[in-house]
>>> print(open('final01.tsv').read())   # TSV, N, CA and C atoms
chain	number	residue	atom	x	y	z
O	1	MET	N	0.83	-1.18	0.00
O	1	MET	CA	0.00	0.00	0.00
O	1	MET	C	0.88	1.24	0.00
O	2	ALA	N	0.56	2.16	-0.89
O	2	ALA	CA	1.31	3.42	-0.98
O	2	ALA	C	0.57	4.52	-0.24
O	3	ASN	N	1.31	5.33	0.50
O	3	ASN	CA	0.75	6.51	1.16
O	3	ASN	C	1.27	7.74	0.45
O	4	THR	N	0.34	8.59	-0.02
O	4	THR	CA	0.72	9.79	-0.75
O	4	THR	C	0.09	11.01	-0.09
O	5	PHE	N	0.93	11.96	0.33
O	5	PHE	CA	0.44	13.20	0.92
O	5	PHE	C	0.14	14.20	-0.19
O	6	LYS	N	-1.01	14.89	-0.07
O	6	LYS	CA	-1.42	15.87	-1.08
O	6	LYS	C	-2.14	17.03	-0.42
O	7	ASN	N	-2.16	18.16	-1.12
O	7	ASN	CA	-3.04	19.27	-0.78
O	7	ASN	C	-4.09	19.39	-1.86
O	8	LYS	N	-5.34	19.42	-1.48
O	8	LYS	CA	-6.43	19.64	-2.41
O	8	LYS	C	-6.94	21.06	-2.16
O	9	VAL	N	-6.85	21.90	-3.17
O	9	VAL	CA	-7.24	23.29	-3.00
O	9	VAL	C	-8.53	23.56	-3.76
O	10	PHE	N	-9.33	24.46	-3.20
O	10	PHE	CA	-10.58	24.87	-3.84
O	10	PHE	C	-10.64	26.39	-3.81
O	11	ASN	N	-10.63	26.99	-5.00
O	11	ASN	CA	-10.72	28.43	-5.13
O	11	ASN	C	-12.20	28.80	-5.17
O	12	GLY	N	-12.66	29.49	-4.14
O	12	GLY	CA	-14.08	29.82	-4.02
O	12	GLY	C	-14.44	31.17	-4.58
O	13	SER	N	-13.65	31.69	-5.51
O	13	SER	CA	-13.89	33.04	-6.04
O	13	SER	C	-15.01	33.09	-7.06
O	14	ASN	N	-15.54	31.93	-7.44
O	14	ASN	CA	-16.62	31.91	-8.43
O	14	ASN	C	-17.72	30.95	-7.96
O	15	THR	N	-18.22	31.19	-6.75
O	15	THR	CA	-19.23	30.30	-6.17
O	15	THR	C	-20.46	31.10	-5.75
O	16	THR	N	-21.56	30.40	-5.65
O	16	THR	CA	-22.83	30.99	-5.25
O	16	THR	C	-23.01	30.85	-3.74
O	17	ALA	N	-23.66	31.81	-3.13
O	17	ALA	CA	-23.95	31.73	-1.70
O	17	ALA	C	-24.83	30.53	-1.41
O	18	ASN	N	-24.57	29.86	-0.29
O	18	ASN	CA	-25.37	28.73	0.21
O	18	ASN	C	-25.44	27.56	-0.77
O	19	SER	N	-24.41	27.40	-1.58
O	19	SER	CA	-24.32	26.26	-2.49
O	19	SER	C	-23.21	25.32	-2.04
O	20	ASP	N	-23.44	24.03	-2.19
O	20	ASP	CA	-22.42	23.05	-1.82
O	20	ASP	C	-21.23	23.14	-2.77
O	21	MET	N	-20.03	23.13	-2.18
O	21	MET	CA	-18.78	23.12	-2.95
O	21	MET	C	-18.06	21.82	-2.58
O	22	THR	N	-17.94	20.91	-3.52
O	22	THR	CA	-17.24	19.66	-3.26
O	22	THR	C	-15.74	19.91	-3.41
O	23	VAL	N	-15.06	19.86	-2.28
O	23	VAL	CA	-13.62	20.13	-2.25
O	23	VAL	C	-12.83	18.91	-2.67
O	24	TYR	N	-13.32	17.71	-2.31
O	24	TYR	CA	-12.57	16.49	-2.58
O	24	TYR	C	-13.50	15.29	-2.54
O	25	THR	N	-13.30	14.38	-3.49
O	25	THR	CA	-13.99	13.09	-3.51
O	25	THR	C	-12.94	12.00	-3.59
O	26	VAL	N	-13.06	11.00	-2.74
O	26	VAL	CA	-12.07	9.91	-2.69
O	26	VAL	C	-12.17	9.06	-3.95
O	27	PRO	N	-11.03	8.87	-4.66
O	27	PRO	CA	-11.03	8.03	-5.86
O	27	PRO	C	-11.25	6.55	-5.54
O	28	SER	N	-11.48	5.77	-6.59
O	28	SER	CA	-11.70	4.33	-6.41
O	28	SER	C	-10.44	3.67	-5.85
O	29	SER	N	-10.66	2.58	-5.14
O	29	SER	CA	-9.58	1.79	-4.54
O	29	SER	C	-8.67	2.60	-3.64
O	30	THR	N	-9.24	3.59	-2.95
O	30	THR	CA	-8.44	4.50	-2.11
O	30	THR	C	-9.14	4.74	-0.78
O	31	THR	N	-8.36	4.84	0.26
O	31	THR	CA	-8.82	5.35	1.55
O	31	THR	C	-8.04	6.65	1.79
O	32	THR	N	-8.72	7.66	2.29
O	32	THR	CA	-8.08	8.96	2.50
O	32	THR	C	-8.22	9.38	3.95
O	33	VAL	N	-7.14	9.94	4.48
O	33	VAL	CA	-7.16	10.52	5.82
O	33	VAL	C	-6.99	12.03	5.66
O	34	VAL	N	-7.97	12.78	6.12
O	34	VAL	CA	-7.86	14.24	6.11
O	34	VAL	C	-7.11	14.64	7.38
O	35	ILE	N	-5.98	15.32	7.19
O	35	ILE	CA	-5.14	15.67	8.33
O	35	ILE	C	-5.09	17.18	8.58
O	36	GLY	N	-5.64	17.95	7.66
O	36	GLY	CA	-5.70	19.40	7.83
O	36	GLY	C	-6.80	19.97	6.97
O	37	LEU	N	-7.46	21.02	7.45
O	37	LEU	CA	-8.51	21.68	6.67
O	37	LEU	C	-8.52	23.16	7.06
O	38	THR	N	-8.00	23.99	6.15
O	38	THR	CA	-7.94	25.42	6.38
O	38	THR	C	-8.96	26.13	5.50
O	39	LEU	N	-9.78	26.96	6.14
O	39	LEU	CA	-10.81	27.73	5.45
O	39	LEU	C	-10.42	29.19	5.51
O	40	SER	N	-10.43	29.87	4.37
O	40	SER	CA	-9.99	31.26	4.32
O	40	SER	C	-11.10	32.15	3.77
O	41	ASN	N	-11.47	33.16	4.55
O	41	ASN	CA	-12.47	34.13	4.13
O	41	ASN	C	-11.78	35.19	3.29
O	42	THR	N	-12.11	35.24	2.01
O	42	THR	CA	-11.48	36.19	1.09
O	42	THR	C	-12.32	37.45	0.91
O	43	SER	N	-13.41	37.57	1.65
O	43	SER	CA	-14.29	38.73	1.50
O	43	SER	C	-13.99	39.81	2.53
O	44	SER	N	-14.69	40.91	2.41
O	44	SER	CA	-14.46	42.04	3.32
O	44	SER	C	-15.46	42.09	4.47
O	45	SER	N	-16.23	41.00	4.64
O	45	SER	CA	-17.14	40.91	5.78
O	45	SER	C	-17.15	39.48	6.31
O	46	GLN	N	-17.67	39.29	7.52
O	46	GLN	CA	-17.72	37.96	8.12
O	46	GLN	C	-18.59	37.03	7.30
O	47	ILE	N	-18.17	35.77	7.22
O	47	ILE	CA	-18.98	34.73	6.56
O	47	ILE	C	-19.27	33.63	7.58
O	48	THR	N	-20.24	32.80	7.23
O	48	THR	CA	-20.57	31.62	8.04
O	48	THR	C	-20.44	30.40	7.14
O	49	VAL	N	-19.76	29.37	7.65
O	49	VAL	CA	-19.42	28.20	6.83
O	49	VAL	C	-19.91	26.92	7.48
O	50	ASP	N	-20.37	25.98	6.63
O	50	ASP	CA	-20.69	24.62	7.05
O	50	ASP	C	-19.68	23.67	6.43
O	51	ILE	N	-19.27	22.65	7.19
O	51	ILE	CA	-18.41	21.58	6.69
O	51	ILE	C	-19.23	20.30	6.76
O	52	LYS	N	-19.32	19.59	5.62
O	52	LYS	CA	-20.13	18.38	5.56
O	52	LYS	C	-19.30	17.21	5.01
O	53	LEU	N	-19.72	16.03	5.38
O	53	LEU	CA	-19.14	14.79	4.86
O	53	LEU	C	-20.26	13.99	4.23
O	54	ASN	N	-20.07	13.63	2.95
O	54	ASN	CA	-21.01	12.74	2.29
O	54	ASN	C	-20.37	11.35	2.29
O	55	ALA	N	-20.87	10.49	3.17
O	55	ALA	CA	-20.36	9.13	3.30
O	55	ALA	C	-21.54	8.16	3.18
O	56	GLY	N	-22.31	8.33	2.11
O	56	GLY	CA	-23.54	7.57	1.95
O	56	GLY	C	-24.73	8.38	2.45
O	57	GLN	N	-24.54	9.10	3.50
O	57	GLN	CA	-25.46	10.10	4.03
O	57	GLN	C	-24.65	11.38	4.22
O	58	VAL	N	-25.31	12.51	4.04
O	58	VAL	CA	-24.62	13.79	4.25
O	58	VAL	C	-24.82	14.20	5.71
O	59	VAL	N	-23.69	14.41	6.39
O	59	VAL	CA	-23.72	14.83	7.80
O	59	VAL	C	-22.86	16.07	7.97
O	60	HIS	N	-23.20	16.89	8.95
O	60	HIS	CA	-22.40	18.07	9.26
O	60	HIS	C	-21.25	17.68	10.20
O	61	LEU	N	-20.05	18.05	9.81
O	61	LEU	CA	-18.91	17.94	10.72
O	61	LEU	C	-18.85	19.19	11.58
O	62	ALA	N	-19.26	20.33	11.01
O	62	ALA	CA	-19.36	21.59	11.74
O	62	ALA	C	-20.39	22.45	11.02
O	63	LYS	N	-21.11	23.26	11.78
O	63	LYS	CA	-22.18	24.07	11.20
O	63	LYS	C	-22.09	25.49	11.72
O	64	ASP	N	-22.32	26.43	10.82
O	64	ASP	CA	-22.37	27.86	11.15
O	64	ASP	C	-21.09	28.37	11.82
O	65	ILE	N	-19.93	28.03	11.23
O	65	ILE	CA	-18.65	28.52	11.73
O	65	ILE	C	-18.49	29.97	11.28
O	66	PRO	N	-18.37	30.91	12.22
O	66	PRO	CA	-18.14	32.30	11.82
O	66	PRO	C	-16.65	32.53	11.53
O	67	ILE	N	-16.37	33.09	10.35
O	67	ILE	CA	-14.99	33.42	10.00
O	67	ILE	C	-14.94	34.91	9.68
O	68	PRO	N	-14.23	35.69	10.49
O	68	PRO	CA	-14.15	37.14	10.27
O	68	PRO	C	-13.55	37.49	8.91
O	69	ALA	N	-13.80	38.70	8.46
O	69	ALA	CA	-13.26	39.18	7.18
O	69	ALA	C	-11.74	39.01	7.13
O	70	ALA	N	-11.27	38.56	5.97
O	70	ALA	CA	-9.83	38.43	5.70
O	70	ALA	C	-9.11	37.58	6.75
O	71	SER	N	-9.80	36.54	7.25
O	71	SER	CA	-9.21	35.65	8.26
O	71	SER	C	-9.33	34.20	7.79
O	72	SER	N	-8.66	33.32	8.52
O	72	SER	CA	-8.76	31.89	8.22
O	72	SER	C	-9.11	31.11	9.48
O	73	PHE	N	-9.52	29.88	9.26
O	73	PHE	CA	-9.95	29.00	10.34
O	73	PHE	C	-9.41	27.61	10.05
O	74	GLU	N	-8.72	27.00	11.02
O	74	GLU	CA	-8.23	25.63	10.89
O	74	GLU	C	-9.18	24.71	11.62
O	75	TYR	N	-9.87	23.85	10.88
O	75	TYR	CA	-10.89	22.99	11.47
O	75	TYR	C	-10.30	21.79	12.22
O	76	MET	N	-9.29	21.17	11.69
O	76	MET	CA	-8.88	19.86	12.17
O	76	MET	C	-8.32	19.89	13.60
O	77	GLY	N	-7.43	20.80	13.92
O	77	GLY	CA	-6.88	20.92	15.27
O	77	GLY	C	-6.43	19.61	15.89
O	78	GLY	N	-5.70	18.78	15.15
O	78	GLY	CA	-5.19	17.52	15.67
O	78	GLY	C	-6.09	16.33	15.43
O	79	ASN	N	-7.30	16.57	14.97
O	79	ASN	CA	-8.22	15.46	14.64
O	79	ASN	C	-7.95	14.95	13.24
O	80	LYS	N	-8.53	13.82	12.91
O	80	LYS	CA	-8.42	13.25	11.57
O	80	LYS	C	-9.79	12.75	11.13
O	81	ILE	N	-10.03	12.76	9.83
O	81	ILE	CA	-11.26	12.21	9.25
O	81	ILE	C	-10.84	11.12	8.28
O	82	VAL	N	-11.36	9.93	8.43
O	82	VAL	CA	-11.08	8.83	7.52
O	82	VAL	C	-12.23	8.74	6.52
O	83	MET	N	-11.85	8.76	5.24
O	83	MET	CA	-12.84	8.71	4.16
O	83	MET	C	-12.55	7.51	3.27
O	84	GLU	N	-13.62	6.90	2.76
O	84	GLU	CA	-13.49	5.73	1.89
O	84	GLU	C	-13.90	6.11	0.46
O	85	THR	N	-13.65	5.20	-0.47
O	85	THR	CA	-13.97	5.43	-1.88
O	85	THR	C	-15.37	6.01	-2.04
O	86	GLY	N	-15.44	7.13	-2.80
O	86	GLY	CA	-16.72	7.77	-3.09
O	86	GLY	C	-17.18	8.80	-2.07
O	87	HIS	N	-16.56	8.83	-0.89
O	87	HIS	CA	-16.93	9.84	0.10
O	87	HIS	C	-16.45	11.22	-0.38
O	88	SER	N	-17.21	12.27	-0.01
O	88	SER	CA	-16.86	13.63	-0.42
O	88	SER	C	-16.82	14.57	0.77
O	89	LEU	N	-15.91	15.55	0.69
O	89	LEU	CA	-15.82	16.64	1.64
O	89	LEU	C	-16.46	17.86	0.99
O	90	ILE	N	-17.47	18.41	1.65
O	90	ILE	CA	-18.29	19.47	1.07
O	90	ILE	C	-18.28	20.69	2.00
O	91	LEU	N	-18.17	21.86	1.41
O	91	LEU	CA	-18.23	23.11	2.18
O	91	LEU	C	-19.33	24.00	1.61
O	92	GLN	N	-19.83	24.88	2.47
O	92	GLN	CA	-20.85	25.82	2.05
O	92	GLN	C	-20.65	27.13	2.81
O	93	SER	N	-20.64	28.24	2.07
O	93	SER	CA	-20.54	29.57	2.67
O	93	SER	C	-21.84	30.32	2.44
O	94	ASP	N	-22.19	31.17	3.39
O	94	ASP	CA	-23.41	31.95	3.24
O	94	ASP	C	-23.22	33.18	2.35
O	95	THR	N	-21.99	33.37	1.85
O	95	THR	CA	-21.66	34.54	1.03
O	95	THR	C	-20.99	34.07	-0.26
O	96	ALA	N	-21.43	34.60	-1.38
O	96	ALA	CA	-20.86	34.23	-2.68
O	96	ALA	C	-19.40	34.66	-2.78
O	97	ASN	N	-18.62	33.87	-3.49
O	97	ASN	CA	-17.24	34.23	-3.86
O	97	ASN	C	-16.38	34.59	-2.65
O	98	SER	N	-16.45	33.79	-1.58
O	98	SER	CA	-15.84	34.21	-0.32
O	98	SER	C	-14.94	33.20	0.37
O	99	LEU	N	-14.92	31.95	-0.09
O	99	LEU	CA	-14.26	30.90	0.70
O	99	LEU	C	-13.25	30.11	-0.12
O	100	ASP	N	-11.97	30.25	0.23
O	100	ASP	CA	-10.93	29.39	-0.33
O	100	ASP	C	-10.62	28.30	0.70
O	101	THR	N	-10.26	27.12	0.20
O	101	THR	CA	-10.06	25.97	1.08
O	101	THR	C	-8.82	25.19	0.68
O	102	VAL	N	-8.09	24.73	1.70
O	102	VAL	CA	-6.98	23.79	1.49
O	102	VAL	C	-7.21	22.59	2.40
O	103	ALA	N	-7.36	21.42	1.79
O	103	ALA	CA	-7.48	20.17	2.54
O	103	ALA	C	-6.16	19.41	2.39
O	104	SER	N	-5.49	19.17	3.51
O	104	SER	CA	-4.26	18.37	3.50
O	104	SER	C	-4.68	16.93	3.77
O	105	ILE	N	-4.30	16.04	2.86
O	105	ILE	CA	-4.77	14.66	2.94
O	105	ILE	C	-3.64	13.67	2.75
O	106	MET	N	-3.91	12.43	3.15
O	106	MET	CA	-3.04	11.31	2.81
O	106	MET	C	-3.90	10.26	2.13
O	107	GLU	N	-3.57	9.94	0.89
O	107	GLU	CA	-4.28	8.90	0.16
O	107	GLU	C	-3.53	7.58	0.34
O	108	ILE	N	-4.28	6.53	0.68
O	108	ILE	CA	-3.73	5.19	0.84
O	108	ILE	C	-4.28	4.35	-0.30
O	109	THR	N	-3.39	3.86	-1.16
O	109	THR	CA	-3.83	3.07	-2.31
O	109	THR	C	-3.26	1.68	-2.30
>>> encode(input="final01.tsv", output="structure tokens")
Amino acid sequence: MANTFKNKVFNGSNTTANSDMTVYTVPSSTTTVVIGLTLSNTSSSQITVDIKLNAGQVVHLAKDIPIPAASSFEYMGGNKIVMETGHSLILQSDTANSLDTVASIMEIT
């Protein structure tokens, strides 16, 4: 089994408010460990963000996270999320064109 560290980035400069943004979907024959998740507010006012996991059912990992203008938020804080083939990491901001994301992951193939 090979372990590969990657950063998955999502540029949120062309997104609609309150729309799901799929940051990452686990490829076939792969298990992924999310080891970091940084959310960056690129707007000039506070935004509110939801983090969701689609693992057969969509569940909230965090809901209504306030991120001040021109600030970032690190969700993981030492925790890890294990994802299997087909699972997706989804984010949603209440403000259009406001959320950039970096997910640091390890893919196990």
>>> atom_distance(input="final01.tsv", atom1="CA of Lys6 in chain O", atom2="atom C of Met83 in chain O")
14.6 Å
>>> select_by_dssp(input="final01.tsv", residues="chain O", states="strand (DSSP E or B)", output="JSON, numbers by chain")
{"O": [3, 4, 5, 6, 7, 8, 9, 10, 21, 22, 23, 24, 25, 31, 32, 33, 34, 35, 36, 37, 38, 39, 40, 41, 47, 48, 49, 50, 51, 52, 53, 54, 58, 59, 60, 61, 62, 63, 64, 65, 66, 67, 72, 73, 74, 81, 82, 83, 88, 89, 90, 91, 92, 93, 99, 100, 101, 102, 103, 104, 105, 106, 107, 108]}
>>> residues_around(input="final01.tsv", residues="range 18-34 of chain O", least_positions_apart="2", cutoff="8 Å", atoms="only N, CA and C atoms", output="mmCIF file with N, CA and C atoms, in the coordinates of the input")
data_model
loop_
_atom_site.group_PDB
_atom_site.id
_atom_site.type_symbol
_atom_site.label_atom_id
_atom_site.label_comp_id
_atom_site.auth_asym_id
_atom_site.auth_seq_id
_atom_site.Cartn_x
_atom_site.Cartn_y
_atom_site.Cartn_z
ATOM 1 N N LYS O 8 -5.340 19.420 -1.480
ATOM 2 C CA LYS O 8 -6.430 19.640 -2.410
ATOM 3 C C LYS O 8 -6.940 21.060 -2.160
ATOM 4 N N VAL O 9 -6.850 21.900 -3.170
ATOM 5 C CA VAL O 9 -7.240 23.290 -3.000
ATOM 6 C C VAL O 9 -8.530 23.560 -3.760
ATOM 7 N N PHE O 10 -9.330 24.460 -3.200
ATOM 8 C CA PHE O 10 -10.580 24.870 -3.840
ATOM 9 C C PHE O 10 -10.640 26.390 -3.810
ATOM 10 N N ASN O 11 -10.630 26.990 -5.000
ATOM 11 C CA ASN O 11 -10.720 28.430 -5.130
ATOM 12 C C ASN O 11 -12.200 28.800 -5.170
ATOM 13 N N THR O 15 -18.220 31.190 -6.750
ATOM 14 C CA THR O 15 -19.230 30.300 -6.170
ATOM 15 C C THR O 15 -20.460 31.100 -5.750
ATOM 16 N N THR O 16 -21.560 30.400 -5.650
ATOM 17 C CA THR O 16 -22.830 30.990 -5.250
ATOM 18 C C THR O 16 -23.010 30.850 -3.740
ATOM 19 N N GLY O 36 -5.640 17.950 7.660
ATOM 20 C CA GLY O 36 -5.700 19.400 7.830
ATOM 21 C C GLY O 36 -6.800 19.970 6.970
ATOM 22 N N LEU O 37 -7.460 21.020 7.450
ATOM 23 C CA LEU O 37 -8.510 21.680 6.670
ATOM 24 C C LEU O 37 -8.520 23.160 7.060
ATOM 25 N N MET O 76 -9.290 21.170 11.690
ATOM 26 C CA MET O 76 -8.880 19.860 12.170
ATOM 27 C C MET O 76 -8.320 19.890 13.600
ATOM 28 N N ASN O 79 -7.300 16.570 14.970
ATOM 29 C CA ASN O 79 -8.220 15.460 14.640
ATOM 30 C C ASN O 79 -7.950 14.950 13.240
ATOM 31 N N LYS O 80 -8.530 13.820 12.910
ATOM 32 C CA LYS O 80 -8.420 13.250 11.570
ATOM 33 C C LYS O 80 -9.790 12.750 11.130
ATOM 34 N N ILE O 81 -10.030 12.760 9.830
ATOM 35 C CA ILE O 81 -11.260 12.210 9.250
ATOM 36 C C ILE O 81 -10.840 11.120 8.280
ATOM 37 N N VAL O 82 -11.360 9.930 8.430
ATOM 38 C CA VAL O 82 -11.080 8.830 7.520
ATOM 39 C C VAL O 82 -12.230 8.740 6.520
ATOM 40 N N MET O 83 -11.850 8.760 5.240
ATOM 41 C CA MET O 83 -12.840 8.710 4.160
ATOM 42 C C MET O 83 -12.550 7.510 3.270
ATOM 43 N N GLU O 84 -13.620 6.900 2.760
ATOM 44 C CA GLU O 84 -13.490 5.730 1.890
ATOM 45 C C GLU O 84 -13.900 6.110 0.460
ATOM 46 N N THR O 85 -13.650 5.200 -0.470
ATOM 47 C CA THR O 85 -13.970 5.430 -1.880
ATOM 48 C C THR O 85 -15.370 6.010 -2.040
ATOM 49 N N GLY O 86 -15.440 7.130 -2.800
ATOM 50 C CA GLY O 86 -16.720 7.770 -3.090
ATOM 51 C C GLY O 86 -17.180 8.800 -2.070
ATOM 52 N N HIS O 87 -16.560 8.830 -0.890
ATOM 53 C CA HIS O 87 -16.930 9.840 0.100
ATOM 54 C C HIS O 87 -16.450 11.220 -0.380
ATOM 55 N N SER O 88 -17.210 12.270 -0.010
ATOM 56 C CA SER O 88 -16.860 13.630 -0.420
ATOM 57 C C SER O 88 -16.820 14.570 0.770
ATOM 58 N N LEU O 89 -15.910 15.550 0.690
ATOM 59 C CA LEU O 89 -15.820 16.640 1.640
ATOM 60 C C LEU O 89 -16.460 17.860 0.990
ATOM 61 N N ILE O 90 -17.470 18.410 1.650
ATOM 62 C CA ILE O 90 -18.290 19.470 1.070
ATOM 63 C C ILE O 90 -18.280 20.690 2.000
ATOM 64 N N LEU O 91 -18.170 21.860 1.410
ATOM 65 C CA LEU O 91 -18.230 23.110 2.180
ATOM 66 C C LEU O 91 -19.330 24.000 1.610
ATOM 67 N N GLN O 92 -19.830 24.880 2.470
ATOM 68 C CA GLN O 92 -20.850 25.820 2.050
ATOM 69 C C GLN O 92 -20.650 27.130 2.810
ATOM 70 N N SER O 93 -20.640 28.240 2.070
ATOM 71 C CA SER O 93 -20.540 29.570 2.670
ATOM 72 C C SER O 93 -21.840 30.320 2.440
ATOM 73 N N ASP O 94 -22.190 31.170 3.390
ATOM 74 C CA ASP O 94 -23.410 31.950 3.240
ATOM 75 C C ASP O 94 -23.220 33.180 2.350
ATOM 76 N N THR O 95 -21.990 33.370 1.850
ATOM 77 C CA THR O 95 -21.660 34.540 1.030
ATOM 78 C C THR O 95 -20.990 34.070 -0.260
ATOM 79 N N ALA O 96 -21.430 34.600 -1.380
ATOM 80 C CA ALA O 96 -20.860 34.230 -2.680
ATOM 81 C C ALA O 96 -19.400 34.660 -2.780
ATOM 82 N N ASN O 97 -18.620 33.870 -3.490
ATOM 83 C CA ASN O 97 -17.240 34.230 -3.860
ATOM 84 C C ASN O 97 -16.380 34.590 -2.650
ATOM 85 N N THR O 101 -10.260 27.120 0.200
ATOM 86 C CA THR O 101 -10.060 25.970 1.080
ATOM 87 C C THR O 101 -8.820 25.190 0.680
ATOM 88 N N ALA O 103 -7.360 21.420 1.790
ATOM 89 C CA ALA O 103 -7.480 20.170 2.540
ATOM 90 C C ALA O 103 -6.160 19.410 2.390
ATOM 91 N N SER O 104 -5.490 19.170 3.510
ATOM 92 C CA SER O 104 -4.260 18.370 3.500
ATOM 93 C C SER O 104 -4.680 16.930 3.770
ATOM 94 N N ILE O 105 -4.300 16.040 2.860
ATOM 95 C CA ILE O 105 -4.770 14.660 2.940
ATOM 96 C C ILE O 105 -3.640 13.670 2.750
ATOM 97 N N MET O 106 -3.910 12.430 3.150
ATOM 98 C CA MET O 106 -3.040 11.310 2.810
ATOM 99 C C MET O 106 -3.900 10.260 2.130
ATOM 100 N N GLU O 107 -3.570 9.940 0.890
ATOM 101 C CA GLU O 107 -4.280 8.900 0.160
ATOM 102 C C GLU O 107 -3.530 7.580 0.340
ATOM 103 N N ILE O 108 -4.280 6.530 0.680
ATOM 104 C CA ILE O 108 -3.730 5.190 0.840
ATOM 105 C C ILE O 108 -4.280 4.350 -0.300
ATOM 106 N N THR O 109 -3.390 3.860 -1.160
ATOM 107 C CA THR O 109 -3.830 3.070 -2.310
ATOM 108 C C THR O 109 -3.260 1.680 -2.300
#
>>> residues_near_point(input="final01.tsv", point="(-24.1, 27.7, 8.4)", cutoff="5 Å", atoms="all atoms listed in the file", output="ChimeraX atom specification")
/O:48-50,63-64
>>> atom_distance(input="final01.tsv", atom1="atom C of Leu39 in chain O", atom2="atom N of Asn54 in chain O")
18.5 Å
>>> atom_distance(input="final01.tsv", atom1="atom C of Thr38 in chain O", atom2="atom N of Gly12 in chain O")
10.9 Å
>>> axis_aligned_box(input="final01.tsv", around="range 68-75 of chain O", padding_each_side="3 Å", output="AutoDock Vina command-line options")
--center_x -11.2 --center_y 30.5 --center_z 9.0 --size_x 12.0 --size_y 23.4 --size_z 12.5
>>> closest_residue(input="final01.tsv", among="O:Gln57, O:Ser98, O:Ile65, O:Asn14", to="Ser44 in chain O", atoms="only C-alpha atoms")
O:Ser98
>>> decode(input="final01.tsv", residues="range 88-101 of chain O", atoms="N, CA and C atoms", output="JSON list (two decimals), in the first residue's frame")
[["chain", "number", "residue", "atom", "x", "y", "z"],
["O", 88, "SER", "N", -17.21, 12.27, -0.01],
["O", 88, "SER", "CA", -16.86, 13.63, -0.42],
["O", 88, "SER", "C", -16.82, 14.57, 0.77],
["O", 89, "LEU", "N", -15.91, 15.55, 0.69],
["O", 89, "LEU", "CA", -15.82, 16.64, 1.64],
["O", 89, "LEU", "C", -16.46, 17.86, 0.99],
["O", 90, "ILE", "N", -17.47, 18.41, 1.65],
["O", 90, "ILE", "CA", -18.29, 19.47, 1.07],
["O", 90, "ILE", "C", -18.28, 20.69, 2.00],
["O", 91, "LEU", "N", -18.17, 21.86, 1.41],
["O", 91, "LEU", "CA", -18.23, 23.11, 2.18],
["O", 91, "LEU", "C", -19.33, 24.00, 1.61],
["O", 92, "GLN", "N", -19.83, 24.88, 2.47],
["O", 92, "GLN", "CA", -20.85, 25.82, 2.05],
["O", 92, "GLN", "C", -20.65, 27.13, 2.81],
["O", 93, "SER", "N", -20.64, 28.24, 2.07],
["O", 93, "SER", "CA", -20.54, 29.57, 2.67],
["O", 93, "SER", "C", -21.84, 30.32, 2.44],
["O", 94, "ASP", "N", -22.19, 31.17, 3.39],
["O", 94, "ASP", "CA", -23.41, 31.95, 3.24],
["O", 94, "ASP", "C", -23.22, 33.18, 2.35],
["O", 95, "THR", "N", -21.99, 33.37, 1.85],
["O", 95, "THR", "CA", -21.66, 34.54, 1.03],
["O", 95, "THR", "C", -20.99, 34.07, -0.26],
["O", 96, "ALA", "N", -21.43, 34.60, -1.38],
["O", 96, "ALA", "CA", -20.86, 34.23, -2.68],
["O", 96, "ALA", "C", -19.40, 34.66, -2.78],
["O", 97, "ASN", "N", -18.62, 33.87, -3.49],
["O", 97, "ASN", "CA", -17.24, 34.23, -3.86],
["O", 97, "ASN", "C", -16.38, 34.59, -2.65],
["O", 98, "SER", "N", -16.45, 33.79, -1.58],
["O", 98, "SER", "CA", -15.84, 34.21, -0.32],
["O", 98, "SER", "C", -14.94, 33.20, 0.37],
["O", 99, "LEU", "N", -14.92, 31.95, -0.09],
["O", 99, "LEU", "CA", -14.26, 30.90, 0.70],
["O", 99, "LEU", "C", -13.25, 30.11, -0.12],
["O", 100, "ASP", "N", -11.97, 30.25, 0.23],
["O", 100, "ASP", "CA", -10.93, 29.39, -0.33],
["O", 100, "ASP", "C", -10.62, 28.30, 0.70],
["O", 101, "THR", "N", -10.26, 27.12, 0.20],
["O", 101, "THR", "CA", -10.06, 25.97, 1.08],
["O", 101, "THR", "C", -8.82, 25.19, 0.68]]
